[in-house]
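So this one's protein28.txt, compact mmCIF, C-alpha atoms:
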```
# COMPACT_ATOMS: atom_id res chain seq x y z
CA GLY A 1 31.37 -1.20 -16.75
CA PHE A 2 28.95 -1.79 -13.93
CA ASP A 3 26.18 0.61 -12.88
CA PHE A 4 25.06 1.32 -9.34
CA GLN A 5 21.66 -0.24 -8.66
CA HIS A 6 21.25 0.76 -5.04
CA ALA A 7 23.18 1.14 -1.82
CA GLU A 8 22.31 0.61 1.82
CA ARG A 9 24.32 0.88 4.99
CA GLY A 10 27.17 -1.60 4.72
CA TYR A 11 26.79 -2.59 1.07
CA CYS A 12 26.08 -1.47 -2.47
CA VAL A 13 24.74 -3.39 -5.46
CA LEU A 14 26.27 -3.03 -8.93
CA THR A 15 24.69 -4.51 -12.06
CA LYS A 16 25.67 -5.09 -15.68
CA TRP A 17 23.35 -6.36 -18.42
CA LEU A 18 25.52 -8.70 -20.50
CA PRO A 19 23.63 -8.97 -23.82
CA SER A 20 24.88 -6.09 -25.95
CA ASP A 21 22.04 -6.24 -28.48
CA SER A 22 19.15 -5.49 -26.06
CA GLU A 23 18.23 -3.07 -23.31
CA SER A 24 18.67 -4.16 -19.72
CA ARG A 25 15.67 -5.88 -18.14
CA LEU A 26 17.21 -5.92 -14.67
CA PRO A 27 14.91 -4.36 -12.08
CA ASN A 28 15.58 -0.91 -10.71
CA GLY A 29 16.61 -0.45 -7.12
CA PRO A 30 14.09 0.67 -4.46
CA THR A 31 11.83 3.34 -5.93
CA HIS A 32 9.47 4.22 -3.05
CA GLN A 33 9.50 5.10 0.61
CA VAL A 34 6.40 4.36 2.69
CA GLY A 35 5.09 6.77 5.29
CA ILE A 36 2.09 6.84 7.63
CA GLY A 37 -0.05 9.45 9.31
CA ALA A 38 -2.08 8.34 12.34
CA LEU A 39 -5.53 9.78 13.05
CA VAL A 40 -6.74 9.21 16.61
CA VAL A 41 -10.05 10.70 17.77
CA HIS A 42 -10.77 11.29 21.45
CA PRO A 43 -13.58 8.93 22.53
CA LEU A 44 -15.54 11.66 24.39
CA THR A 45 -14.71 15.02 22.82
CA GLY A 46 -14.27 13.92 19.20
CA LYS A 47 -11.08 15.99 18.99
CA MET A 48 -8.09 14.64 17.06
CA LEU A 49 -4.61 13.95 18.37
CA VAL A 50 -2.03 16.38 16.96
CA VAL A 51 1.62 17.25 17.43
CA GLN A 52 3.96 20.15 16.69
CA GLU A 53 7.48 19.21 15.62
CA ARG A 54 10.65 20.75 17.08
CA THR A 55 12.47 21.16 13.78
CA GLY A 56 11.80 21.21 10.06
CA PRO A 57 9.38 23.01 7.71
CA ALA A 58 6.30 22.19 9.84
CA ALA A 59 8.01 23.56 12.95
CA LYS A 60 8.75 26.88 11.24
CA ARG A 61 5.07 27.26 10.47
CA LYS A 62 4.04 26.09 13.97
CA LEU A 63 1.83 23.63 12.14
CA TRP A 64 -0.35 21.16 13.98
CA LYS A 65 -0.11 17.79 12.25
CA MET A 66 -1.08 14.22 12.98
CA PRO A 67 1.72 11.92 14.17
CA THR A 68 3.63 10.74 11.10
CA GLY A 69 6.70 8.72 10.19
CA LEU A 70 8.31 6.25 7.81
CA THR A 71 7.96 2.50 8.02
CA ASP A 72 11.02 0.54 9.11
CA PRO A 73 12.38 -2.21 6.82
CA GLY A 74 10.12 -5.25 7.06
CA GLU A 75 7.44 -3.35 9.00
CA ASP A 76 3.75 -3.44 8.12
CA ILE A 77 1.84 -0.18 7.74
CA ALA A 78 -0.48 -1.09 10.62
CA HIS A 79 2.40 -1.70 13.01
CA ALA A 80 4.21 1.47 11.88
CA ALA A 81 1.16 3.59 12.75
CA VAL A 82 0.95 2.10 16.26
CA ARG A 83 4.72 2.46 16.78
CA GLU A 84 4.83 6.09 15.66
CA LEU A 85 1.94 6.99 17.96
CA LYS A 86 3.75 5.45 20.91
CA GLU A 87 7.05 7.13 20.05
CA GLU A 88 5.68 10.61 19.39
CA THR A 89 2.91 10.85 22.02
CA GLY A 90 3.42 8.00 24.52
CA LEU A 91 -0.07 6.62 23.81
CA ASP A 92 -0.84 2.93 23.39
CA CYS A 93 -3.14 2.61 20.39
CA ILE A 94 -4.45 0.00 17.99
CA PHE A 95 -4.78 0.14 14.22
CA ASP A 96 -8.26 0.19 12.73
CA ARG A 97 -8.01 0.91 9.03
CA ILE A 98 -6.43 2.89 6.22
CA ILE A 99 -8.63 5.86 5.34
CA CYS A 100 -6.82 7.00 2.20
CA PHE A 101 -3.35 7.15 0.71
CA ARG A 102 -1.34 9.58 -1.39
CA GLN A 103 1.36 8.94 -4.00
CA ALA A 104 4.00 11.58 -4.72
CA HIS A 105 7.14 11.66 -6.85
CA GLY A 106 10.49 13.45 -6.81
CA GLY A 107 11.12 13.16 -3.09
CA LEU A 108 14.26 12.51 -1.07
CA PHE A 109 17.00 10.87 -3.18
CA GLY A 110 14.62 10.99 -6.15
CA ARG A 111 12.32 8.37 -4.66
CA SER A 112 8.56 8.33 -4.87
CA ASP A 113 6.51 8.40 -1.69
CA MET A 114 3.46 6.43 -0.58
CA PHE A 115 1.73 8.01 2.42
CA PHE A 116 -1.06 6.13 4.20
CA VAL A 117 -3.53 7.87 6.54
CA CYS A 118 -4.42 5.34 9.23
CA LEU A 119 -7.39 5.54 11.57
CA CYS A 120 -6.32 4.28 14.98
CA ARG A 121 -7.96 4.25 18.39
CA LEU A 122 -6.78 4.29 21.96
CA ALA A 123 -6.07 0.90 23.50
CA PRO A 124 -9.34 -0.54 24.93
CA GLU A 125 -8.25 -0.28 28.58
CA GLN A 126 -7.29 3.39 28.09
CA GLU A 127 -10.54 4.16 26.32
CA GLU A 128 -12.57 2.44 29.05
CA ARG A 129 -10.90 4.53 31.77
CA ILE A 130 -11.69 7.74 29.88
CA ARG A 131 -15.33 6.79 29.33
CA ALA A 132 -15.65 5.85 33.01
CA GLY A 133 -14.21 9.20 34.09
CA GLU A 134 -11.23 7.50 35.73
CA GLY A 135 -8.50 9.54 34.08
CA GLU A 136 -7.42 11.20 30.86
CA ALA A 137 -4.93 9.84 28.34
CA LYS A 138 -1.52 11.23 29.34
CA LEU A 139 0.42 12.70 26.44
CA LEU A 140 4.20 12.29 26.54
CA PRO A 141 5.72 14.14 23.55
CA GLN A 142 8.90 12.57 22.18
CA GLU A 143 11.62 14.81 23.60
CA GLU A 144 13.95 14.75 20.59
CA GLU A 145 11.38 15.44 17.87
CA ILE A 146 8.05 16.66 19.27
CA LEU A 147 7.55 20.08 20.87
CA MET A 148 3.91 19.63 21.89
CA ALA A 149 1.07 17.12 21.69
CA ASP A 150 -2.58 17.97 22.19
CA TRP A 151 -6.20 17.31 21.16
CA ILE A 152 -7.86 19.88 18.87
CA ASP A 153 -11.09 20.12 16.89
CA MET A 154 -10.76 18.50 13.48
CA GLU A 155 -12.24 21.56 11.78
CA ASP A 156 -9.59 23.78 13.41
CA TYR A 157 -6.91 21.36 12.24
CA ALA A 158 -8.20 21.44 8.66
CA ASP A 159 -8.56 25.25 8.74
CA GLN A 160 -4.82 25.88 9.18
CA VAL A 161 -3.65 28.04 6.27
CA VAL A 162 -1.22 25.45 4.85
CA TRP A 163 -3.93 22.80 4.69
CA ARG A 164 -6.72 25.15 3.62
CA GLU A 165 -4.79 26.46 0.61
CA SER A 166 -3.88 22.99 -0.68
CA PRO A 167 -6.45 21.14 -2.84
CA LEU A 168 -4.61 17.90 -2.06
CA TYR A 169 -4.73 18.31 1.70
CA ARG A 170 -8.30 19.63 1.64
CA GLU A 171 -9.24 16.33 0.04
CA MET A 172 -7.18 14.31 2.55
CA ASN A 173 -8.50 16.21 5.56
CA GLY A 174 -12.05 15.90 4.26
CA ALA A 175 -11.65 12.13 4.07
CA MET A 176 -10.33 12.12 7.65
CA ILE A 177 -13.24 14.18 8.95
CA ARG A 178 -15.79 12.01 7.17
CA ALA A 179 -14.17 8.84 8.53
CA ALA A 180 -14.18 10.20 12.07
CA ARG A 181 -17.76 11.36 11.95
CA ARG A 182 -19.01 8.05 10.53
CA GLY A 183 -17.24 5.89 12.68
CA ILE A 184 -16.18 6.00 14.80
CA ALA A 185 -17.80 3.04 13.42
CA TYR A 186 -14.60 1.13 13.97
CA SER A 187 -14.04 -1.91 11.80
CA SER A 188 -14.35 -4.33 14.73
CA LEU A 189 -16.09 -4.16 18.09
CA GLY A 190 -14.84 -4.50 21.64
CA ASP A 191 -11.75 -6.55 22.30
CA ASN A 192 -11.81 -7.92 18.75
CA VAL A 193 -10.48 -4.61 17.42
CA CYS A 194 -6.96 -5.71 18.32
CA ASP A 195 -7.31 -8.83 16.23
CA CYS A 196 -7.56 -7.13 12.84
CA VAL A 197 -3.79 -6.91 12.56
CA ASN A 198 -3.58 -10.66 13.19
CA GLY A 199 -6.17 -11.49 10.55
CA ASP A 200 -8.92 -12.45 13.01
CA VAL A 201 -11.69 -10.25 11.67
CA GLY A 202 -15.09 -11.66 12.60
CA GLU A 203 -18.58 -11.35 11.23
CA ASP A 204 -19.42 -8.47 13.59
CA CYS A 205 -17.40 -5.84 11.73
CA VAL A 206 -19.23 -2.54 11.41
CA GLU A 207 -19.86 -1.44 7.84
CA SER A 208 -17.58 1.52 7.24
CA HIS A 209 -15.28 2.72 4.49
CA GLY A 210 -11.53 2.11 4.46
CA PHE A 211 -9.03 -0.71 4.22
CA VAL A 212 -8.66 -3.12 7.13
CA ALA A 213 -5.54 -5.22 7.74
CA LYS A 214 -5.51 -9.01 7.57
CA ASN A 215 -2.20 -10.76 8.30
CA LEU A 216 -2.53 -14.18 6.64
CA PRO A 217 -0.36 -17.19 5.74
CA VAL A 218 0.99 -17.16 2.18
CA GLY A 219 0.20 -20.88 1.89
CA PHE A 220 2.40 -22.04 -0.99
CA ARG A 221 5.55 -21.05 0.92
CA PRO A 222 6.41 -20.26 4.54
CA GLY A 223 5.56 -16.85 5.95
CA ARG A 224 2.70 -14.41 6.35
CA ASN A 225 1.77 -11.21 4.49
CA THR A 226 -0.57 -8.40 5.40
CA ILE A 227 -3.31 -7.60 2.92
CA TYR A 228 -5.40 -4.43 3.21
CA VAL A 229 -8.93 -4.93 1.90
CA SER A 230 -11.95 -2.68 1.65
CA SER A 231 -14.10 -2.98 4.73
CA LYS A 232 -17.10 -2.84 2.39
CA LEU A 233 -16.12 -6.02 0.54
```
Could you express the structure from this file as structure tokens?
Amino acid sequence: GFDFQHAERGYCVLTKWLPSDSESRLPNGPTHQVGIGALVVHPLTGKMLVVQERTGPAAKRKLWKMPTGLTDPGEDIAHAAVRELKEETGLDCIFDRIICFRQAHGGLFGRSDMFFVCLCRLAPEQEERIRAGEGEAKLLPQEEEILMADWIDMEDYADQVVWRESPLYREMNGAMIRAARRGIAYSSLGDNVCDCVNGDVGEDCVESHGFVAKNLPVGFRPGRNTIYVSSKL
């Protein structure tokens, strides 16, 4: 008979490999989910944006965490980071680069997980108002999911027991702290920061580690893809 390959809302896919003298070479169904964590550093204090969730394991521990979430179907990592920041904190931000990423296996429904830590910054007009002393960024926690949003020292964030006792998260948080201290050397300068998602990265990019986004035409067929390349290359 047929085997289930995968199912989504409204449909399921069944497959059957017809040759009886060889193993099936049909591809598996979706194997990974893609998640993001968004690191935003306050332009004056150097503190990082954090949230506490209303429900779930992190909520039980009263854990401060960066805004996180899963990408939607057809959504680029860069856009997911900006969207999740807006949804969870009310802040308008722009994507700068991927700092690091983690791969894990055996997650929900047996799928593997790719989690990308994205350095983002406040939208230029918001950042300019803060630097000019004309007002602070107003945090609007997402009512359904987020209990609190705040700015805290990165060292205090990394010193939470859950993070401190995990070799994996010590490495991740260390990469985040190093990225913040070096750069806020953002990958582009001034108004051009917004253009990295559209592929318009100029010659004035600051040298800094990470993967910047370039959304470029495929060329041999219609459409565009986003490629993430080392900012050092």
Could you give me, as JSON lines, every region 5-59 of chain A residue with an atom at most 9 Å from region 148-156 of chain A, plus its closest atom pair and distance in Å to one decimal, counting only C-alpha atoms, rows ordered by chain then number?
```
{"residue": "A:Val41", "atom": "CA", "partner": "A:Trp151", "partner_atom": "CA", "distance": 8.4}
{"residue": "A:His42", "atom": "CA", "partner": "A:Trp151", "partner_atom": "CA", "distance": 7.6}
{"residue": "A:Thr45", "atom": "CA", "partner": "A:Asp153", "partner_atom": "CA", "distance": 8.6}
{"residue": "A:Gly46", "atom": "CA", "partner": "A:Asp153", "partner_atom": "CA", "distance": 7.3}
{"residue": "A:Lys47", "atom": "CA", "partner": "A:Asp153", "partner_atom": "CA", "distance": 4.6}
{"residue": "A:Met48", "atom": "CA", "partner": "A:Trp151", "partner_atom": "CA", "distance": 5.2}
{"residue": "A:Leu49", "atom": "CA", "partner": "A:Trp151", "partner_atom": "CA", "distance": 4.6}
{"residue": "A:Val50", "atom": "CA", "partner": "A:Asp150", "partner_atom": "CA", "distance": 5.5}
{"residue": "A:Val51", "atom": "CA", "partner": "A:Ala149", "partner_atom": "CA", "distance": 4.3}
{"residue": "A:Gln52", "atom": "CA", "partner": "A:Met148", "partner_atom": "CA", "distance": 5.2}
{"residue": "A:Glu53", "atom": "CA", "partner": "A:Met148", "partner_atom": "CA", "distance": 7.2}
{"residue": "A:Arg54", "atom": "CA", "partner": "A:Met148", "partner_atom": "CA", "distance": 8.4}
```
Open item on the list: For a quick check of understanding, using only C-alpha atoms, which of A:Ile98, A:Pro217, A:Glu75, A:Val34 has the smallest distance to Arg111 (chain A)?
Closed with: A:Val34
- [ ] Give me, please, the distance in Å between CA of Arg221 (chain A) and CA of Ala80 (chain A), quoted to one decimal.
- [x]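 Value for the CA of Arg221 (chain A)-CA of Ala80 (chain A) distance: 25.1 Å.
Using all atoms listed in the file, the shortest contact distance between Asn173 (chain A) and any of A:Gly106, A:Gly56, A:Gly37, A:Pro222 is found at A:Gly37.
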Open item on the list: Please determine, counting all atoms listed in the file, which residue among A:Leu63, A:Val218, A:Leu44, A:Leu39 has the shortest atom-to-atom distance to Asp159 (chain A).
Closed with: A:Leu63
TODO: Name the closest residue to Gly110 (chain A) among the candidates A:Thr71, A:Gln126, A:Ala59, A:Thr31; distances are taken between atoms, counting all atoms listed in the file.
DONE: A:Thr31
Open item on the list: Taking all atoms listed in the file into account, name the residue in A:Met172, A:Cys93, A:Ala38, A:Cys100 that is nearest to Met66 (chain A).
Closed with: A:Ala38
- [ ] Compare A:Cys12, A:Ala180, A:Leu108, A:Ala81 by their minimum atom-to-atom distance to Gly69 (chain A), counting all atoms listed in the file, and give me the closest one.
- [x] A:Ala81
TODO: For CA of Lys232 (chain A) and CA of Leu91 (chain A), quote the distance in Å rounded to one decimal.
DONE: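 CA of Leu91 (chain A) lies 29.0 Å from CA of Lys232 (chain A).
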Task: Residues near Arg102 (chain A), cut-off 9 Å, all atoms listed in the file, skip fewer than 3 positions along chain, as a count of residues only - done: 7
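Put simply, CA of Pro30 (chain A) is 7.2 Å away from CA of His6 (chain A).
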